[in-house]
Structures are given as C-alpha cells and as structure tokens.
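Engineer: See protein_2.cif below, with mmCIF, C-alpha atoms.
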data_start
#
loop_
_atom_site.label_atom_id
_atom_site.label_comp_id
_atom_site.auth_asym_id
_atom_site.auth_seq_id
_atom_site.Cartn_x
_atom_site.Cartn_y
_atom_site.Cartn_z
CA MET A 1 8.03 156.53 154.16
CA ARG A 2 7.14 158.82 157.08
CA LEU A 3 6.34 155.81 159.28
CA LYS A 4 9.65 154.22 158.38
CA ASN A 5 11.54 157.39 159.28
CA LEU A 6 9.73 157.59 162.61
CA SER A 7 10.55 153.94 163.35
CA PHE A 8 14.23 154.50 162.53
CA ALA A 9 14.30 157.55 164.82
CA LEU A 10 12.75 155.50 167.61
CA VAL A 11 15.40 152.83 167.26
CA LEU A 12 18.14 155.43 167.49
CA ALA A 13 16.55 156.95 170.58
CA LEU A 14 16.24 153.58 172.31
CA GLY A 15 19.86 152.84 171.44
CA ALA A 16 20.97 156.09 173.02
CA ILE A 17 18.97 155.28 176.20
CA GLY A 18 20.57 151.83 176.35
CA ALA A 19 24.02 153.32 176.04
CA THR A 20 23.27 155.73 178.88
CA THR A 21 22.04 153.02 181.24
CA THR A 22 25.01 150.72 180.62
CA GLY A 23 27.62 153.45 180.82
CA CYS A 24 31.00 153.47 179.10
CA THR A 25 31.80 149.83 179.82
CA SER A 26 30.02 148.70 176.63
CA ASP A 27 32.42 150.73 174.50
CA ALA A 28 35.61 149.03 175.65
CA PRO A 29 35.34 145.71 173.80
CA ASP A 30 34.51 147.47 170.52
CA ASP A 31 37.65 149.64 170.64
CA GLY A 32 40.28 146.98 171.08
CA GLY A 33 38.49 143.66 170.97
CA GLY A 34 38.66 141.66 167.75
CA GLY A 35 41.93 143.10 166.50
CA GLY A 36 44.00 140.37 168.05
CA GLY A 37 47.73 140.71 168.63
CA GLY A 38 50.22 142.85 166.79
CA GLY A 39 51.74 142.20 163.37
CA GLY A 40 49.05 140.29 161.49
CA GLY A 41 46.08 141.71 163.40
CA GLY A 42 46.82 145.32 162.57
CA GLY A 43 44.19 146.50 165.10
CA ASP A 44 41.32 145.89 162.64
CA ASP A 45 38.51 143.32 162.67
CA THR A 46 40.10 140.97 160.13
CA PRO A 47 40.22 137.43 161.57
CA ILE A 48 43.70 136.06 162.17
CA PRO A 49 44.33 132.80 160.27
CA THR A 50 45.40 129.73 162.21
CA ASP A 51 46.03 127.40 159.26
CA ALA A 52 48.82 128.17 156.75
CA THR A 53 48.43 125.16 154.48
CA GLY A 54 47.47 125.70 150.87
CA ARG A 55 48.73 126.79 147.48
CA PHE A 56 49.35 130.48 146.84
CA GLN A 57 50.18 132.62 143.87
CA VAL A 58 52.97 135.00 144.86
CA ASN A 59 54.28 138.04 143.01
CA SER A 60 57.67 139.43 143.99
CA MET A 61 59.35 142.62 142.80
CA PHE A 62 63.08 143.34 142.97
CA ASP A 63 65.24 146.37 142.35
CA LEU A 64 68.65 144.99 141.41
CA VAL A 65 70.21 148.48 141.23
CA SER A 66 74.01 148.17 141.25
CA ASN A 67 73.86 144.45 142.05
CA ALA A 68 73.03 143.58 138.44
CA PRO A 69 75.97 141.76 136.77
CA GLY A 70 78.40 143.97 134.89
CA LYS A 71 77.61 142.18 131.63
CA VAL A 72 74.15 143.74 131.73
CA GLY A 73 75.84 147.10 131.25
CA GLU A 74 77.81 145.67 128.34
CA VAL A 75 74.55 144.71 126.60
CA ALA A 76 73.12 148.18 127.13
CA ASN A 77 76.33 149.67 125.74
CA MET A 78 75.87 147.70 122.51
CA PHE A 79 72.58 149.50 121.91
CA ILE A 80 74.24 152.81 122.75
CA ALA A 81 77.11 152.06 120.36
CA ALA A 82 74.66 151.97 117.43
CA THR A 83 73.61 155.57 118.00
CA ASP A 84 76.20 157.55 119.95
CA GLY A 85 78.85 158.37 117.31
CA GLY A 86 78.88 161.48 115.15
CA ASP A 87 78.26 159.41 112.02
CA ASP A 88 76.02 156.79 113.64
CA PRO A 89 73.89 154.90 112.87
CA ALA A 90 75.50 154.69 109.41
CA HIS A 91 78.93 153.82 110.83
CA TRP A 92 77.41 151.06 112.98
CA ILE A 93 75.51 149.64 109.99
CA LEU A 94 78.64 149.67 107.84
CA ASP A 95 80.64 147.97 110.58
CA GLN A 96 78.06 145.15 110.69
CA MET A 97 78.16 144.88 106.88
CA VAL A 98 81.94 144.60 106.80
CA ALA A 99 81.92 142.05 109.62
CA LYS A 100 79.56 139.80 107.64
CA MET A 101 81.08 140.21 104.14
CA PRO A 102 83.40 137.50 102.85
CA ASN A 103 87.03 138.44 102.43
CA GLY A 104 87.75 139.96 99.06
CA THR A 105 87.94 143.14 97.02
CA ALA A 106 84.47 144.44 97.93
CA LYS A 107 85.08 144.03 101.66
CA SER A 108 88.50 145.70 101.46
CA PHE A 109 87.17 148.65 99.47
CA LEU A 110 84.18 149.17 101.78
CA GLN A 111 86.30 148.86 104.89
CA GLY A 112 88.66 151.52 103.64
CA ALA A 113 85.83 153.74 102.45
CA ILE A 114 83.79 153.73 105.69
CA PRO A 115 84.95 157.20 106.85
CA PHE A 116 83.48 158.97 103.80
CA VAL A 117 80.67 156.49 103.04
CA ALA A 118 79.29 156.84 106.58
CA GLY A 119 78.61 160.55 106.26
CA TYR A 120 76.95 160.13 102.86
CA LEU A 121 74.88 157.20 104.11
CA ASN A 122 73.80 159.07 107.24
CA ASP A 123 72.23 161.80 105.12
CA LYS A 124 70.35 159.17 103.13
CA LEU A 125 69.23 157.29 106.23
CA LEU A 126 67.04 160.20 107.22
CA ASP A 127 64.96 159.36 104.15
CA PHE A 128 64.65 155.57 104.44
CA ALA A 129 65.37 154.86 108.15
CA PRO A 130 64.09 157.96 109.97
CA ASP A 131 63.07 156.09 113.15
CA PHE A 132 66.22 154.02 113.63
CA VAL A 133 67.97 156.21 116.18
CA THR A 134 64.95 157.03 118.34
CA THR A 135 63.78 153.42 118.32
CA ILE A 136 67.14 151.90 119.23
CA VAL A 137 67.67 154.51 121.96
CA GLN A 138 64.25 153.57 123.38
CA VAL A 139 65.06 149.85 123.21
CA GLY A 140 68.32 150.44 125.09
CA LYS A 141 66.58 152.52 127.74
CA ASP A 142 63.83 149.94 128.23
CA PHE A 143 66.39 147.14 128.41
CA GLY A 144 68.03 148.95 131.31
CA GLN A 145 64.69 149.05 133.09
CA VAL A 146 63.89 145.35 132.72
CA ALA A 147 67.44 144.43 133.72
CA LYS A 148 67.30 146.29 137.02
CA ASN A 149 63.63 146.25 137.97
CA PHE A 150 61.71 143.05 137.45
CA GLY A 151 59.70 140.54 139.41
CA LEU A 152 59.13 136.82 139.79
CA ASP A 153 55.78 135.06 139.46
CA GLU A 154 55.83 132.19 141.94
CA THR A 155 53.74 129.51 143.58
CA LEU A 156 54.08 128.82 147.30
CA GLU A 157 52.80 125.39 148.38
CA ILE A 158 52.56 125.04 152.17
CA THR A 159 52.02 121.66 153.84
CA GLY A 160 52.26 120.27 157.36
CA ALA A 161 50.74 121.41 160.64
CA PRO A 162 51.19 124.36 163.03
CA GLY A 163 54.74 124.42 164.30
CA ALA A 164 55.88 122.05 161.54
CA TYR A 165 54.99 123.77 158.27
CA THR A 166 57.14 123.30 155.22
CA SER A 167 56.79 124.56 151.67
CA THR A 168 57.97 124.45 148.09
CA VAL A 169 58.65 127.69 146.24
CA ASN A 170 58.42 127.59 142.44
CA ALA A 171 59.42 130.53 140.25
CA VAL A 172 57.17 130.00 137.22
CA GLY A 173 57.56 133.28 135.33
CA VAL A 174 58.71 136.87 135.37
CA LYS A 175 56.99 140.22 135.66
CA PHE A 176 58.50 143.13 133.76
CA LYS A 177 57.71 146.75 134.47
CA ILE A 178 58.58 149.53 132.04
CA ASP A 179 57.35 153.07 132.68
CA ASN A 180 54.67 151.67 135.05
CA ILE A 181 53.38 149.22 132.41
CA GLU A 182 53.54 145.62 133.65
CA SER A 183 53.66 142.37 131.72
CA ASP A 184 53.76 138.78 133.02
CA ILE A 185 55.53 136.09 130.99
CA LEU A 186 55.35 132.42 132.00
CA PHE A 187 58.41 130.20 131.68
CA ALA A 188 56.24 127.29 130.48
CA ASP A 189 55.14 129.29 127.45
CA ASN A 190 58.78 129.78 126.45
CA ALA A 191 60.30 126.32 127.01
CA ILE A 192 61.97 127.36 130.28
CA ALA A 193 61.73 125.08 133.31
CA PRO A 194 60.51 126.51 136.62
CA VAL A 195 63.07 127.18 139.33
CA SER A 196 62.24 125.45 142.61
CA ALA A 197 63.27 125.45 146.24
CA ALA A 198 61.90 122.58 148.36
CA GLY A 199 61.76 122.10 152.13
CA VAL A 200 61.41 125.81 152.87
CA GLY A 201 60.34 126.39 156.49
CA ILE A 202 57.17 128.38 157.22
CA GLN A 203 56.03 129.89 160.52
CA LEU A 204 52.67 131.49 161.31
CA ASP A 205 52.35 133.08 164.75
CA ALA A 206 49.33 134.10 166.80
CA THR A 207 49.36 137.63 165.40
CA GLY A 208 49.19 136.50 161.75
CA LYS A 209 52.87 137.17 161.08
CA LEU A 210 54.11 134.83 158.34
CA ASP A 211 57.80 133.99 158.10
CA ILE A 212 59.35 132.25 155.08
CA ALA A 213 62.74 130.69 155.83
CA GLU A 214 65.84 131.25 153.74
CA HIS A 215 65.80 129.60 150.34
CA LYS A 216 67.76 129.98 147.10
CA LEU A 217 66.44 130.53 143.58
CA PRO A 218 69.18 130.35 140.90
CA LEU A 219 67.90 132.23 137.87
CA SER A 220 69.08 132.09 134.25
CA TYR A 221 69.29 135.86 134.08
CA GLY A 222 70.24 135.99 130.40
CA LYS A 223 67.17 133.97 129.42
CA VAL A 224 65.02 136.28 131.54
CA LEU A 225 66.44 139.39 129.88
CA LYS A 226 65.98 137.87 126.42
CA LEU A 227 62.33 137.25 127.29
CA GLY A 228 62.00 140.88 128.30
CA LEU A 229 63.59 142.07 125.06
CA ASP A 230 61.64 139.79 122.69
CA LYS A 231 58.29 139.61 124.49
CA MET A 232 57.83 143.11 125.89
CA ILE A 233 60.33 145.72 124.66
CA ILE A 234 60.41 144.94 120.94
CA PRO A 235 56.63 144.44 120.48
CA ALA A 236 56.08 147.76 122.28
CA VAL A 237 58.05 149.67 119.63
CA ASP A 238 57.10 147.44 116.67
CA PRO A 239 54.07 145.15 117.19
CA SER A 240 54.94 143.17 114.05
CA ALA A 241 58.49 142.32 115.23
CA THR A 242 59.20 139.25 117.36
CA ASN A 243 62.97 139.59 117.81
CA LEU A 244 65.83 142.03 117.38
CA GLN A 245 66.75 140.90 113.89
CA THR A 246 63.19 141.46 112.65
CA LEU A 247 63.09 144.87 114.31
CA LEU A 248 66.32 145.95 112.61
CA THR A 249 65.15 144.82 109.19
CA HIS A 250 61.90 146.72 109.69
CA LEU A 251 63.81 149.87 110.63
CA ILE A 252 66.38 149.70 107.81
CA ASP A 253 65.64 149.18 104.12
CA CYS A 254 68.72 147.26 102.98
CA ASN A 255 67.83 147.74 99.31
CA GLN A 256 68.13 151.50 99.83
CA VAL A 257 71.31 151.04 101.87
CA GLY A 258 72.86 148.94 99.08
CA MET A 259 72.13 151.60 96.47
CA ALA A 260 73.36 154.42 98.72
CA VAL A 261 76.64 152.64 99.50
CA ASP A 262 77.22 151.84 95.83
CA ASP A 263 76.51 155.49 94.89
CA ALA A 264 78.98 156.67 97.51
CA MET A 265 81.65 154.27 96.25
CA TYR A 266 81.11 155.49 92.69
CA ASN A 267 81.21 159.16 93.67
CA GLN A 268 84.35 158.78 95.76
CA LEU A 269 86.28 156.06 93.91
CA GLY A 270 84.87 156.36 90.41
CA PHE A 271 83.62 152.79 90.01
CA SER A 272 80.57 150.72 90.95
CA LEU A 273 80.44 147.18 92.27
CA GLY A 274 76.65 147.08 91.96
CA SER A 275 74.17 147.61 94.75
CA THR A 276 73.28 143.93 95.14
CA ILE A 277 76.49 143.01 96.89
CA PHE A 278 75.96 145.77 99.45
CA THR A 279 72.27 144.96 99.91
CA THR A 280 73.24 141.38 100.71
CA ALA A 281 75.92 142.61 103.08
CA CYS A 282 73.41 144.89 104.80
CA ASN A 283 70.95 142.06 105.41
CA GLY A 284 73.73 139.83 106.70
CA GLY A 285 75.11 142.66 108.79
CA LEU A 286 71.81 143.26 110.56
CA GLN A 287 71.64 139.55 111.37
CA PHE A 288 75.21 139.73 112.63
CA GLY A 289 74.49 142.78 114.80
CA ALA A 290 71.40 141.20 116.35
CA ALA A 291 73.28 137.94 116.97
CA ALA A 292 76.12 139.82 118.66
CA ILE A 293 73.69 141.45 121.11
CA TYR A 294 71.93 138.15 121.81
CA GLY A 295 75.31 136.51 122.27
CA LYS A 296 76.24 139.08 124.90
CA ILE A 297 72.93 138.44 126.67
CA ASP A 298 73.52 134.67 126.54
CA SER A 299 76.96 135.11 128.06
CA ILE A 300 75.34 136.42 131.24
CA ASP A 301 74.18 132.86 131.93
CA ALA A 302 77.75 131.65 132.30
CA SER A 303 76.91 132.04 136.00
CA ALA A 304 73.47 131.90 137.60
CA LEU A 305 72.00 134.93 139.27
CA GLU A 306 71.08 133.44 142.65
CA PHE A 307 68.51 134.96 144.96
CA GLY A 308 68.99 133.99 148.63
CA LEU A 309 65.69 135.09 150.17
CA VAL A 310 64.12 135.38 153.62
CA GLY A 311 60.54 136.67 153.78
CA THR A 312 58.23 138.26 156.34
CA ALA A 313 54.60 139.16 155.64
CA LYS A 314 51.12 139.63 157.09
CA ALA A 315 48.79 136.64 156.64
CA VAL A 316 45.10 137.53 156.25
CA ASP A 317 41.94 135.44 156.64
CA THR A 318 39.31 137.25 154.57
CA ASN A 319 36.41 134.80 154.96
CA ALA A 320 36.76 133.72 158.61
CA ASP A 321 37.55 130.08 157.78
CA HIS A 322 40.76 130.24 159.87
CA LYS A 323 42.95 129.75 156.78
CA ILE A 324 45.28 132.17 155.02
CA ASP A 325 43.58 133.75 152.02
CA LYS A 326 45.98 136.60 151.29
CA ILE A 327 49.62 137.42 151.96
CA GLN A 328 50.17 141.14 152.34
CA THR A 329 53.00 143.66 152.89
CA GLY A 330 55.66 141.02 152.25
CA GLN A 331 59.31 142.04 152.46
CA TRP A 332 62.27 140.04 151.15
CA THR A 333 65.74 140.34 152.65
CA GLY A 334 68.84 138.31 151.88
CA THR A 335 71.51 138.26 149.20
CA LEU A 336 71.94 138.37 145.46
CA SER A 337 74.88 136.42 144.08
CA TYR A 338 76.51 136.30 140.65
CA SER A 339 79.69 134.37 139.83
CA GLY A 340 79.84 133.27 143.46
CA THR A 341 80.01 136.81 144.83
CA PRO A 342 77.11 137.63 147.18
CA ALA A 343 75.84 141.15 147.80
CA PRO A 344 73.00 142.36 150.04
CA LEU A 345 69.63 142.43 148.34
CA ALA A 346 68.63 146.02 147.69
CA ALA A 347 65.90 147.49 149.89
CA GLY A 348 62.41 147.53 148.42
CA ALA A 349 62.14 143.84 147.52
CA THR A 350 58.45 143.10 148.14
CA PHE A 351 55.89 140.33 147.65
CA VAL A 352 52.17 139.66 147.94
CA GLY A 353 50.16 136.47 147.58
CA THR A 354 46.68 135.06 147.06
CA ARG A 355 45.29 131.59 147.71
CA MET A 356 44.88 129.66 144.45
#
Output the file's structure as structure tokens, nothing else.

Structural biologist:
Amino acid sequence: MRLKNLSFALVLALGAIGATTTGCTSDAPDDGGGGGGGGGGGGDDTPIPTDATGRFQVNSMFDLVSNAPGKVGEVANMFIAATDGGDDPAHWILDQMVAKMPNGTAKSFLQGAIPFVAGYLNDKLLDFAPDFVTTIVQVGKDFGQVAKNFGLDETLEITGAPGAYTSTVNAVGVKFKIDNIESDILFADNAIAPVSAAGVGIQLDATGKLDIAEHKLPLSYGKVLKLGLDKMIIPAVDPSATNLQTLLTHLIDCNQVGMAVDDAMYNQLGFSLGSTIFTTACNGGLQFGAAAIYGKIDSIDASALEFGLVGTAKAVDTNADHKIDKIQTGQWTGTLSYSGTPAPLAAGATFVGTRM
C-alpha cells in the first residue's frame, strides 16, 4: 500500500512538472473544446448527435388552465351539486330516486315529501353512509386536476436524411397527475384508437437543437376524462370500484335508505308504502345519477379538443454513436382549439423523449 501511494504521488508530481513546462496553452482546449455549439451542446462534453432517425417514446405534459372547455366545469359542478346544499347529500339522493321512479302515487308522494324527508334522511346517512360527502368532494377535486393537468404518451418515428427528415407522431395514451402521483393509461388497453399526425417536419442543427414542425392532434377529451375518472380517481378512493355507479353503491346502502325513507313517510304522513319500493328507487337513482355525470362527460366529445403543436428541444447522444438517444428540455407552443375556437397553449407545456 505504501509503494502504491508513493507511485501515485510520483505521477502527480510528474504531471505538475509537465503542466509547468507546457504553460497555460494546454488548458485552453479542455475549457471550451468538446462542448460544441450552443443549444444542444450546452457547454458540456456530451457528443452532439448528427442522425435524428429512429423511434422515440415521448411524454408530454400540458396545463390546460382556462382553455379547458366550459363543459368540464359543468361536470365538476355535478359532483359539487351532490354535496353543497344544506340538506345534501340526502336531497341529491332523493332527487335521483324521484327521477328514476315510474310515474304514480309513490313518486308523487315522495316528490312532495322531499323537503322534510331530506332532513330526516341526512341524519340517518351519518350512520350508513358516513364517507359519502368526503369521498364525492375528493372525486370532484381530483376530476378538476385531471381535466386541467394531464399529459400525452406518444411515439415519434423519424425517417429520412439530414435536411429532409420527416416523422409520424402517435398519441398512444395519457398520463394523469393527481397530487404529484402519476399514472399512465394506454389507449389500446381501453379500445381507443391512437391519434396520429403524419408528415411532420423535423430539423436537427449542428448544435443539437431539435425542431418539430407544427402538427395537429385532435383528442376525444371526454373519453380521456372518463379514463381518468374510472382508471385513476375512483380506484384511488375505492380500490374495489371500477366506475362511478359501483362507487356510489359502495358508499350508500340503499336497503337502509329505503327503510329510512319509508319511516319518514310514515312519521310525517301516517302511512307506509313499504321500504322495498324506495330501496329499488334508490338503486335506480344511483344508476341514474352516475349515468347523468357520464352523459355530461360524453357530451364534451361533441367537438374534438385539438392540439396544434410546435416543439423545440435538445437532442442528446449519450453513447457517442452520432444518433439521438434522448430528447431533453422540450417545450411545446401553439394553440388549443375546441368547437373551432383556438386559444394560445398555456405556458409550461413540456416534453421529453427516449429512443425505443
């Protein structure tokens, strides 16, 4: 060990002597040399790629902010409506029951009795649906997050030669982010076709700057939001639920609701119609309420949400083979259109990529 240390010290000493005899000129190439030009080079020693061809996995994130269609707010309001009244959620549940009941005496009596039945039912709900309000409020809050802050999982296939590159962009899935927890959902796993843009121009300059020409991706926004609701939001609050209807039935015991409503009718009106009719109405009402929310989400797809994107990024060659291996610090600019009305894409739209 001592001999090794002495040898290492000797090497250092000889190196110092060599530096003295050659002067400062040997330092100059090391300071600025291999960094290359601006943009892609970044002043480091990472080789600058000269070949852009290949297939890349790209992840983009968007903040839709106020550019999200107004109908998104209408969906969020439907969740709020179930919890924001003084006698909610009982009033909301009763409204769904009445909406689903067939016309007749029972429906007429319940409709007229809602003002006093709601208060009675609310007190009972604390016993057999204690988590309804907090859960639905959380679902509504999370829905707002996925509606305004989500990403696209894409493939970028670049072909051609320097100066004549072209590409195909395929949106193959979505990335949702709720409270810093991310989840990727592929369209192919949910019977949704990819969204493609062909003939997209690509430029790679001598500094490693990668430009992606303008292209349009029309997205079925309602289908995307439904994926977020069913595949991420609902399982997060109830792992055994796969859709909104299942979640509601897990939160509310309709047998208990039926008995509570029948008790209230008897106490207030002096007669009983039997709890079964109200239990049936409760089950049907929860289906009706879930369907109404899904229907509002589906209505968003009456027009496509179209991304008109232009991208700029840094292309990186990590293994010195002169080909792009990574796409870094990507920024999207462009427009976001709904119902034919374009608006500037909000700042902060980013993307990164990796060779597949």

Engineer: Decode the PyMOL selection byres ((chain A and resi 279) around 8) for the given file into explicit residues and return them as a PyMOL selection string.

Structural biologist: chain A and resi 254-259+275-278+280-283

Engineer: When the PyMOL selection byres ((chain A and resi 192-195) around 12) is applied to the file above, which residues end up in the set, as a VMD selection string?

Structural biologist: chain A and resid 152 to 155 168 to 174 185 to 191 196 to 198 215 to 224 226 to 227 304 to 307

Engineer: For each of A:Tyr165, A:Phe128, A:Phe109, A:Phe79, take the minimum atom-to-atom distance to Lys141 of chain A, counting only C-alpha atoms, then give the residue where this is smallest.

Structural biologist: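 Among the listed residues, A:Phe79 lies closest to Lys141 of chain A.
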
Engineer: For the structure provided, state which residues fall under the PyMOL selection byres ((chain A and resi 58) around 8), and present them as a ChimeraX atom specification.

Structural biologist: /A:56-57,59-60,153-156,351-354

Engineer: Using only C-alpha atoms, which of A:Thr333, A:Gln111, A:Asp317, A:Ile136 sits nearest Ala81 of chain A?

Structural biologist: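 Looking only at the distances to Ala81 of chain A, the closest residue turns out to be A:Ile136.
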
Engineer: I'd like the contact shell of Pro49 of chain A - 8 Å cut-off, only C-alpha atoms, skipping same-chain residues fewer than 3 positions apart - returned as a tab-separated table (two decimals) with C-alpha atoms, in the frame of the given file.

Structural biologist:
chain	number	residue	atom	x	y	z
A	52	ALA	CA	48.82	128.17	156.75
A	208	GLY	CA	49.19	136.50	161.75
A	315	ALA	CA	48.79	136.64	156.64
A	316	VAL	CA	45.10	137.53	156.25
A	317	ASP	CA	41.94	135.44	156.64
A	320	ALA	CA	36.76	133.72	158.61
A	321	ASP	CA	37.55	130.08	157.78
A	322	HIS	CA	40.76	130.24	159.87
A	323	LYS	CA	42.95	129.75	156.78
A	324	ILE	CA	45.28	132.17	155.02

Engineer: Name the residues, using the chain letters and numbers of the file, that sit within 12 Å of (81.4, 134.0, 143.3) when counting all atoms listed in the file, and give them as a list in words.

Structural biologist: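 Those within range, by chain then number, are Pro69, Ala302, Ser303, Ala304, Leu305, Glu306, Leu336, Ser337, Tyr338, Ser339, Gly340, Thr341, Pro342 and Ala343 of chain A.
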
Engineer: Just the number, please: distance in Å from atom CA of Val117 of chain A to atom CA of Ala292 of chain A, one decimal.

Structural biologist: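 Those two atoms sit 23.3 Å apart.
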
Engineer: Can you tell me how far atom CA of Val146 of chain A sits from atom CA of Gly295 of chain A, in Å to one decimal?

Structural biologist: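 It comes out at 17.8 Å.
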
Engineer: Counting only C-alpha atoms, which of A:Asp211, A:Glu182, A:Asp88, A:Asp51 gets nearest to Gln331 of chain A?

Structural biologist: A:Asp211

Engineer: Pick out the closest residue to Val75 of chain A from this set: A:Lys296, A:Lys107, A:Arg355, A:Lys314. Count all atoms listed in the file.

Structural biologist: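 Smallest separation from Val75 of chain A among the options: A:Lys296.
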
Engineer: Calculate how many Å separate atom CA of Thr105 of chain A from atom CA of Ala82 of chain A, rounding to one decimal.

Structural biologist: 25.9 Å

Engineer: Got a sec: who's within 7 Å of Ala129 of chain A, counting all atoms listed in the file, leaving out chain neighbours fewer than 6 positions off, as a ChimeraX atom specification?

Structural biologist: /A:251-253

Engineer: Identify, on the basis of all atoms listed in the file, every residue whose closest approach to Gly285 of chain A does not exceed 9 Å; exclude the query and any residue fewer than 2 positions from it along the same chain; express the result as a short mmCIF file (atom, residue, chain, number, x, y, z; two decimals) with C-alpha atoms, keeping the file's coordinate frame.

Structural biologist:
data_model
loop_
_atom_site.label_atom_id
_atom_site.label_comp_id
_atom_site.auth_asym_id
_atom_site.auth_seq_id
_atom_site.Cartn_x
_atom_site.Cartn_y
_atom_site.Cartn_z
CA ILE A 93 75.51 149.64 109.99
CA LEU A 94 78.64 149.67 107.84
CA ASP A 95 80.64 147.97 110.58
CA GLN A 96 78.06 145.15 110.69
CA MET A 97 78.16 144.88 106.88
CA VAL A 98 81.94 144.60 106.80
CA ALA A 99 81.92 142.05 109.62
CA LYS A 100 79.56 139.80 107.64
CA MET A 101 81.08 140.21 104.14
CA THR A 280 73.24 141.38 100.71
CA ALA A 281 75.92 142.61 103.08
CA CYS A 282 73.41 144.89 104.80
CA ASN A 283 70.95 142.06 105.41
CA GLN A 287 71.64 139.55 111.37
CA PHE A 288 75.21 139.73 112.63
CA GLY A 289 74.49 142.78 114.80
CA ALA A 290 71.40 141.20 116.35
#

Engineer: Using only C-alpha atoms, which of the listed residues (A:Pro239, A:Gly54, A:Pro89, A:Gly119) sits closest to Asp325 of chain A?

Structural biologist: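 Going through A:Pro239, A:Gly54, A:Pro89, A:Gly119 one by one, the smallest distance to Asp325 of chain A is for A:Gly54.
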
Engineer: Which is closest to Thr335 of chain A among A:Met356, A:Gln245, A:Gly308, A:Ala118, if we use only C-alpha atoms?

Structural biologist: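 Ranking A:Met356, A:Gln245, A:Gly308, A:Ala118 by distance to Thr335 of chain A, first place goes to A:Gly308.
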